[in-house]
file structure-v7.pdb (PDB, C-alpha atoms, pLDDT in the B column)
ATOM      1  CA  MET R   1     -16.462  13.597   2.174  1.00 41.00           C
ATOM      2  CA  ALA R   2     -16.928  10.859  -0.428  1.00 47.00           C
ATOM      3  CA  ASP R   3     -14.603  12.652  -2.854  1.00 50.00           C
ATOM      4  CA  VAL R   4     -11.824  12.729  -0.262  1.00 52.00           C
ATOM      5  CA  THR R   5     -12.240   9.024   0.555  1.00 50.00           C
ATOM      6  CA  GLU R   6     -12.323   8.054  -3.104  1.00 48.00           C
ATOM      7  CA  SER R   7      -9.214  10.062  -3.946  1.00 75.00           C
ATOM      8  CA  ILE R   8      -7.403   8.476  -0.998  1.00 85.00           C
ATOM      9  CA  PHE R   9      -8.497   5.073  -2.287  1.00 90.00           C
ATOM     10  CA  SER R  10      -7.220   5.813  -5.767  1.00 90.00           C
ATOM     11  CA  TRP R  11      -3.892   7.200  -4.548  1.00 89.00           C
ATOM     12  CA  ARG R  12      -3.260   4.310  -2.163  1.00 91.00           C
ATOM     13  CA  VAL R  13      -4.169   1.629  -4.692  1.00 94.00           C
ATOM     14  CA  LYS R  14      -1.875   3.202  -7.307  1.00 93.00           C
ATOM     15  CA  ASP R  15       0.937   3.466  -4.767  1.00 92.00           C
ATOM     16  CA  LEU R  16       0.593  -0.160  -3.664  1.00 93.00           C
ATOM     17  CA  MET R  17       0.313  -1.354  -7.268  1.00 94.00           C
ATOM     18  CA  LYS R  18       3.652   0.333  -7.920  1.00 93.00           C
ATOM     19  CA  GLU R  19       5.215  -1.183  -4.807  1.00 90.00           C
ATOM     20  CA  ASN R  20       3.954  -4.652  -5.720  1.00 90.00           C
ATOM     21  CA  ARG R  21       4.796  -4.146  -9.396  1.00 94.00           C
ATOM     22  CA  TYR R  22       1.273  -4.926 -10.598  1.00 95.00           C
ATOM     23  CA  SER R  23      -0.125  -3.536 -13.803  1.00 96.00           C
ATOM     24  CA  GLN R  24      -3.793  -2.608 -13.918  1.00 95.00           C
ATOM     25  CA  LYS R  25      -4.459  -5.638 -16.089  1.00 96.00           C
ATOM     26  CA  LYS R  26      -2.702  -8.022 -13.678  1.00 96.00           C
ATOM     27  CA  LEU R  27      -4.482  -6.615 -10.615  1.00 96.00           C
ATOM     28  CA  CYS R  28      -7.843  -6.907 -12.376  1.00 96.00           C
ATOM     29  CA  GLU R  29      -7.113 -10.530 -13.322  1.00 96.00           C
ATOM     30  CA  LEU R  30      -6.152 -11.375  -9.732  1.00 94.00           C
ATOM     31  CA  CYS R  31      -9.251  -9.607  -8.339  1.00 93.00           C
ATOM     32  CA  GLY R  32     -11.647 -11.017 -10.908  1.00 93.00           C
ATOM     33  CA  ILE R  33     -12.887  -7.617 -12.062  1.00 94.00           C
ATOM     34  CA  THR R  34     -12.964  -5.915 -15.435  1.00 95.00           C
ATOM     35  CA  GLU R  35     -10.567  -3.124 -16.295  1.00 95.00           C
ATOM     36  CA  ALA R  36     -13.582  -0.882 -16.958  1.00 93.00           C
ATOM     37  CA  ALA R  37     -14.875  -1.395 -13.413  1.00 93.00           C
ATOM     38  CA  PHE R  38     -11.393  -0.836 -12.001  1.00 94.00           C
ATOM     39  CA  SER R  39     -11.084   2.365 -14.012  1.00 92.00           C
ATOM     40  CA  ARG R  40     -14.334   3.648 -12.491  1.00 90.00           C
ATOM     41  CA  TYR R  41     -12.977   2.971  -8.992  1.00 90.00           C
ATOM     42  CA  MET R  42      -9.736   4.761  -9.789  1.00 91.00           C
ATOM     43  CA  THR R  43     -11.361   7.827 -11.334  1.00 87.00           C
ATOM     44  CA  SER R  44     -13.457   8.311  -8.209  1.00 72.00           C
ATOM     45  CA  ALA R  45     -16.729   7.455  -9.896  1.00 65.00           C
ATOM     46  CA  ARG R  46     -17.438   4.931  -7.099  1.00 76.00           C
ATOM     47  CA  LEU R  47     -15.863   2.685  -4.517  1.00 85.00           C
ATOM     48  CA  PRO R  48     -15.907  -1.092  -5.004  1.00 91.00           C
ATOM     49  CA  LYS R  49     -18.337  -3.363  -3.159  1.00 92.00           C
ATOM     50  CA  THR R  50     -17.074  -4.797   0.118  1.00 94.00           C
ATOM     51  CA  GLU R  51     -15.982  -8.173  -1.269  1.00 94.00           C
ATOM     52  CA  ILE R  52     -14.098  -6.572  -4.175  1.00 94.00           C
ATOM     53  CA  LEU R  53     -12.476  -4.056  -1.832  1.00 94.00           C
ATOM     54  CA  ALA R  54     -11.353  -6.964   0.375  1.00 93.00           C
ATOM     55  CA  ASN R  55      -9.913  -8.791  -2.665  1.00 94.00           C
ATOM     56  CA  ILE R  56      -7.973  -5.716  -3.772  1.00 95.00           C
ATOM     57  CA  ALA R  57      -6.653  -5.208  -0.239  1.00 91.00           C
ATOM     58  CA  ASN R  58      -5.575  -8.846   0.113  1.00 91.00           C
ATOM     59  CA  ILE R  59      -3.801  -8.880  -3.228  1.00 93.00           C
ATOM     60  CA  LEU R  60      -1.997  -5.626  -2.356  1.00 92.00           C
ATOM     61  CA  HIS R  61      -1.037  -6.984   1.100  1.00 88.00           C
ATOM     62  CA  THR R  62      -2.946  -4.359   3.048  1.00 87.00           C
ATOM     63  CA  THR R  63      -6.332  -3.785   4.659  1.00 86.00           C
ATOM     64  CA  SER R  64      -9.585  -2.382   3.331  1.00 88.00           C
ATOM     65  CA  ASP R  65      -9.430   0.258   6.068  1.00 86.00           C
ATOM     66  CA  TYR R  66      -6.054   1.441   4.816  1.00 87.00           C
ATOM     67  CA  LEU R  67      -7.270   1.658   1.211  1.00 89.00           C
ATOM     68  CA  ILE R  68     -10.284   3.814   2.075  1.00 88.00           C
ATOM     69  CA  GLY R  69      -8.394   6.053   4.479  1.00 84.00           C
ATOM     70  CA  ASN R  70      -9.568   4.708   7.840  1.00 84.00           C
ATOM     71  CA  ASP R  71      -6.087   3.503   8.796  1.00 73.00           C
ATOM     72  CA  SER R  72      -2.919   5.438   8.025  1.00 65.00           C
ATOM     73  CA  ASN R  73      -0.465   2.974   9.573  1.00 68.00           C
ATOM     74  CA  TYR R  74       1.569   0.556   7.530  1.00 68.00           C
ATOM     75  CA  GLY R  75       1.900  -2.997   8.759  1.00 71.00           C
ATOM     76  CA  TYR R  76       5.096  -5.007   8.527  1.00 76.00           C
ATOM     77  CA  ASN R  77       4.326  -6.300   5.028  1.00 70.00           C
ATOM     78  CA  GLN R  78       3.729  -2.802   3.678  1.00 67.00           C
ATOM     79  CA  LEU R  79       6.907  -1.502   5.306  1.00 75.00           C
ATOM     80  CA  GLU R  80       8.958  -4.377   3.938  1.00 76.00           C
ATOM     81  CA  ILE R  81       7.619  -3.819   0.417  1.00 70.00           C
ATOM     82  CA  LEU R  82       8.109  -0.066   0.681  1.00 70.00           C
ATOM     83  CA  LEU R  83      11.703  -0.390   1.889  1.00 78.00           C
ATOM     84  CA  ALA R  84      12.587  -3.085  -0.633  1.00 76.00           C
ATOM     85  CA  SER R  85      11.227  -1.067  -3.529  1.00 72.00           C
ATOM     86  CA  SER R  86      12.771   2.215  -2.313  1.00 76.00           C
ATOM     87  CA  LYS R  87      16.184   1.097  -1.082  1.00 81.00           C
ATOM     88  CA  ASP R  88      18.002   2.155  -4.235  1.00 84.00           C
ATOM     89  CA  ASN R  89      16.572   5.678  -3.933  1.00 81.00           C
ATOM     90  CA  LEU R  90      17.740   6.210  -0.346  1.00 83.00           C
ATOM     91  CA  SER R  91      21.021   7.870   0.494  1.00 90.00           C
ATOM     92  CA  LEU R  92      23.500   6.146   2.779  1.00 93.00           C
ATOM     93  CA  ASN R  93      22.608   8.654   5.501  1.00 92.00           C
ATOM     94  CA  GLN R  94      18.886   7.889   5.156  1.00 89.00           C
ATOM     95  CA  LYS R  95      19.568   4.146   5.371  1.00 90.00           C
ATOM     96  CA  LYS R  96      21.675   4.724   8.489  1.00 93.00           C
ATOM     97  CA  LYS R  97      18.844   6.694  10.124  1.00 92.00           C
ATOM     98  CA  LEU R  98      16.440   3.823   9.481  1.00 90.00           C
ATOM     99  CA  VAL R  99      18.860   1.296  10.943  1.00 93.00           C
ATOM    100  CA  ASP R 100      19.417   3.566  13.964  1.00 93.00           C
ATOM    101  CA  ILE R 101      15.664   3.774  14.601  1.00 91.00           C
ATOM    102  CA  LEU R 102      15.346   0.001  14.528  1.00 91.00           C
ATOM    103  CA  MET R 103      18.449  -0.565  16.657  1.00 93.00           C
ATOM    104  CA  ASP R 104      17.248   1.935  19.279  1.00 93.00           C
ATOM    105  CA  GLU R 105      13.918   0.145  19.451  1.00 91.00           C
ATOM    106  CA  TYR R 106      15.659  -3.229  19.672  1.00 89.00           C
ATOM    107  CA  LYS R 107      17.870  -1.995  22.526  1.00 90.00           C
ATOM    108  CA  ASN R 108      14.843  -0.580  24.367  1.00 90.00           C
ATOM    109  CA  THR R 109      13.052  -3.929  24.207  1.00 89.00           C
ATOM    110  CA  GLN R 110      16.132  -5.730  25.551  1.00 87.00           C
ATOM    111  CA  ASN R 111      16.286  -3.589  28.721  1.00 74.00           C
TER     112      ASN R 111
END
call {"tool": "encode", "arguments": {"input": "structure-v7.pdb", "output": "C-alpha cells"}}
result
Amino acid sequence: MADVTESIFSWRVKDLMKENRYSQKKLCELCGITEAAFSRYMTSARLPKTEILANIANILHTTSDYLIGNDSNYGYNQLEILLASSKDNLSLNQKKKLVDILMDEYKNTQN
C-alpha cells in the first residue's frame, strides 16, 4: 500500500510542479527543504513529514490529502491552473464542451 501512495504522491507533485511552472530547485527553496530530501520523496524512498507535506501542498495550491491520494477532486484553484496551462492544447470542440458544461450548470442554478 505504501508504494501505491508514494507513487501517487510523486506523480501528483510532478504534475502540479509542471502546472505551476516550478523547477525542483524553486520548489525546494520555497519549501525550505534540500533537493536531496525532495529527491528521496519523489523516488518513493519515503513521504515527507506532516509539516513539509503541508508546505508542499500550500505552495502547489492543493491539499495534503490530494498529494497522498486521499482526495481525487480538484478544487477551483487546481482547475483554473490546469485549464490555463492546457488551453493551447485543447481543440475548439473540447473548449466548447467545457463551456457547455459550465453554462448548463449555471442555467441549472438559475432555475
call {"tool": "closest_residue", "arguments": {"input": "structure-v7.pdb", "among": "R:Glu105, R:Asp88, R:Glu51, R:Glu19", "to": "R:Gly32", "atoms": "all atoms listed in the file"}}
result
R:Glu51
call {"tool": "closest_residue", "arguments": {"input": "structure-v7.pdb", "among": "R:Leu27, R:Leu102, R:Leu47, R:Met42", "to": "R:Ser10", "atoms": "all atoms listed in the file"}}
result
R:Met42
call {"tool": "axis_aligned_box", "arguments": {"input": "structure-v7.pdb", "around": "stretch 35-49 of chain R", "padding_each_side": "5 Å", "output": "lines of an AutoDock Vina configuration file"}}
result
center_x = -14.0
center_y = 2.5
center_z = -10.1
size_x = 18.6
size_y = 21.7
size_z = 23.8
call {"tool": "atom_distance", "arguments": {"input": "structure-v7.pdb", "atom1": "atom CA of R:Asp71", "atom2": "atom CA of R:Ser91"}}
result
28.7 Å
call {"tool": "residues_around", "arguments": {"input": "structure-v7.pdb", "residues": "R:Gln24", "least_positions_apart": "2", "cutoff": "12 Å", "atoms": "all atoms listed in the file", "output": "PDB file with C-alpha atoms, in the frame of the given file"}}
result
ATOM      1  CA  VAL R  13      -4.169   1.629  -4.692  1.00 94.00           C
ATOM      2  CA  LYS R  14      -1.875   3.202  -7.307  1.00 93.00           C
ATOM      3  CA  ASP R  15       0.937   3.466  -4.767  1.00 92.00           C
ATOM      4  CA  LEU R  16       0.593  -0.160  -3.664  1.00 93.00           C
ATOM      5  CA  MET R  17       0.313  -1.354  -7.268  1.00 94.00           C
ATOM      6  CA  LYS R  18       3.652   0.333  -7.920  1.00 93.00           C
ATOM      7  CA  ASN R  20       3.954  -4.652  -5.720  1.00 90.00           C
ATOM      8  CA  ARG R  21       4.796  -4.146  -9.396  1.00 94.00           C
ATOM      9  CA  TYR R  22       1.273  -4.926 -10.598  1.00 95.00           C
ATOM     10  CA  LYS R  26      -2.702  -8.022 -13.678  1.00 96.00           C
ATOM     11  CA  LEU R  27      -4.482  -6.615 -10.615  1.00 96.00           C
ATOM     12  CA  CYS R  28      -7.843  -6.907 -12.376  1.00 96.00           C
ATOM     13  CA  GLU R  29      -7.113 -10.530 -13.322  1.00 96.00           C
ATOM     14  CA  LEU R  30      -6.152 -11.375  -9.732  1.00 94.00           C
ATOM     15  CA  CYS R  31      -9.251  -9.607  -8.339  1.00 93.00           C
ATOM     16  CA  GLY R  32     -11.647 -11.017 -10.908  1.00 93.00           C
ATOM     17  CA  ILE R  33     -12.887  -7.617 -12.062  1.00 94.00           C
ATOM     18  CA  THR R  34     -12.964  -5.915 -15.435  1.00 95.00           C
ATOM     19  CA  GLU R  35     -10.567  -3.124 -16.295  1.00 95.00           C
ATOM     20  CA  ALA R  36     -13.582  -0.882 -16.958  1.00 93.00           C
ATOM     21  CA  ALA R  37     -14.875  -1.395 -13.413  1.00 93.00           C
ATOM     22  CA  PHE R  38     -11.393  -0.836 -12.001  1.00 94.00           C
ATOM     23  CA  SER R  39     -11.084   2.365 -14.012  1.00 92.00           C
ATOM     24  CA  TYR R  41     -12.977   2.971  -8.992  1.00 90.00           C
ATOM     25  CA  MET R  42      -9.736   4.761  -9.789  1.00 91.00           C
ATOM     26  CA  ILE R  56      -7.973  -5.716  -3.772  1.00 95.00           C
TER      27      ILE R  56
END
call {"tool": "atom_distance", "arguments": {"input": "structure-v7.pdb", "atom1": "atom CA of R:Thr62", "atom2": "atom CA of R:Lys49"}}
result
16.6 Å
call {"tool": "atom_distance", "arguments": {"input": "structure-v7.pdb", "atom1": "atom CA of R:Leu67", "atom2": "atom CA of R:Ser85"}}
result
19.3 Å
call {"tool": "closest_residue", "arguments": {"input": "structure-v7.pdb", "among": "R:His61, R:Gln94, R:Ile101, R:Arg12", "to": "R:Leu79", "atoms": "only C-alpha atoms"}}
result
R:His61
call {"tool": "residues_around", "arguments": {"input": "structure-v7.pdb", "residues": "R:Leu83", "least_positions_apart": "6", "cutoff": "12 Å", "atoms": "only C-alpha atoms", "output": "list in words"}}
result
Glu19, Asn20, Tyr74, Tyr76, Asn77, Asn89, Leu90, Gln94, Lys95, Leu98 and Val99 of chain R
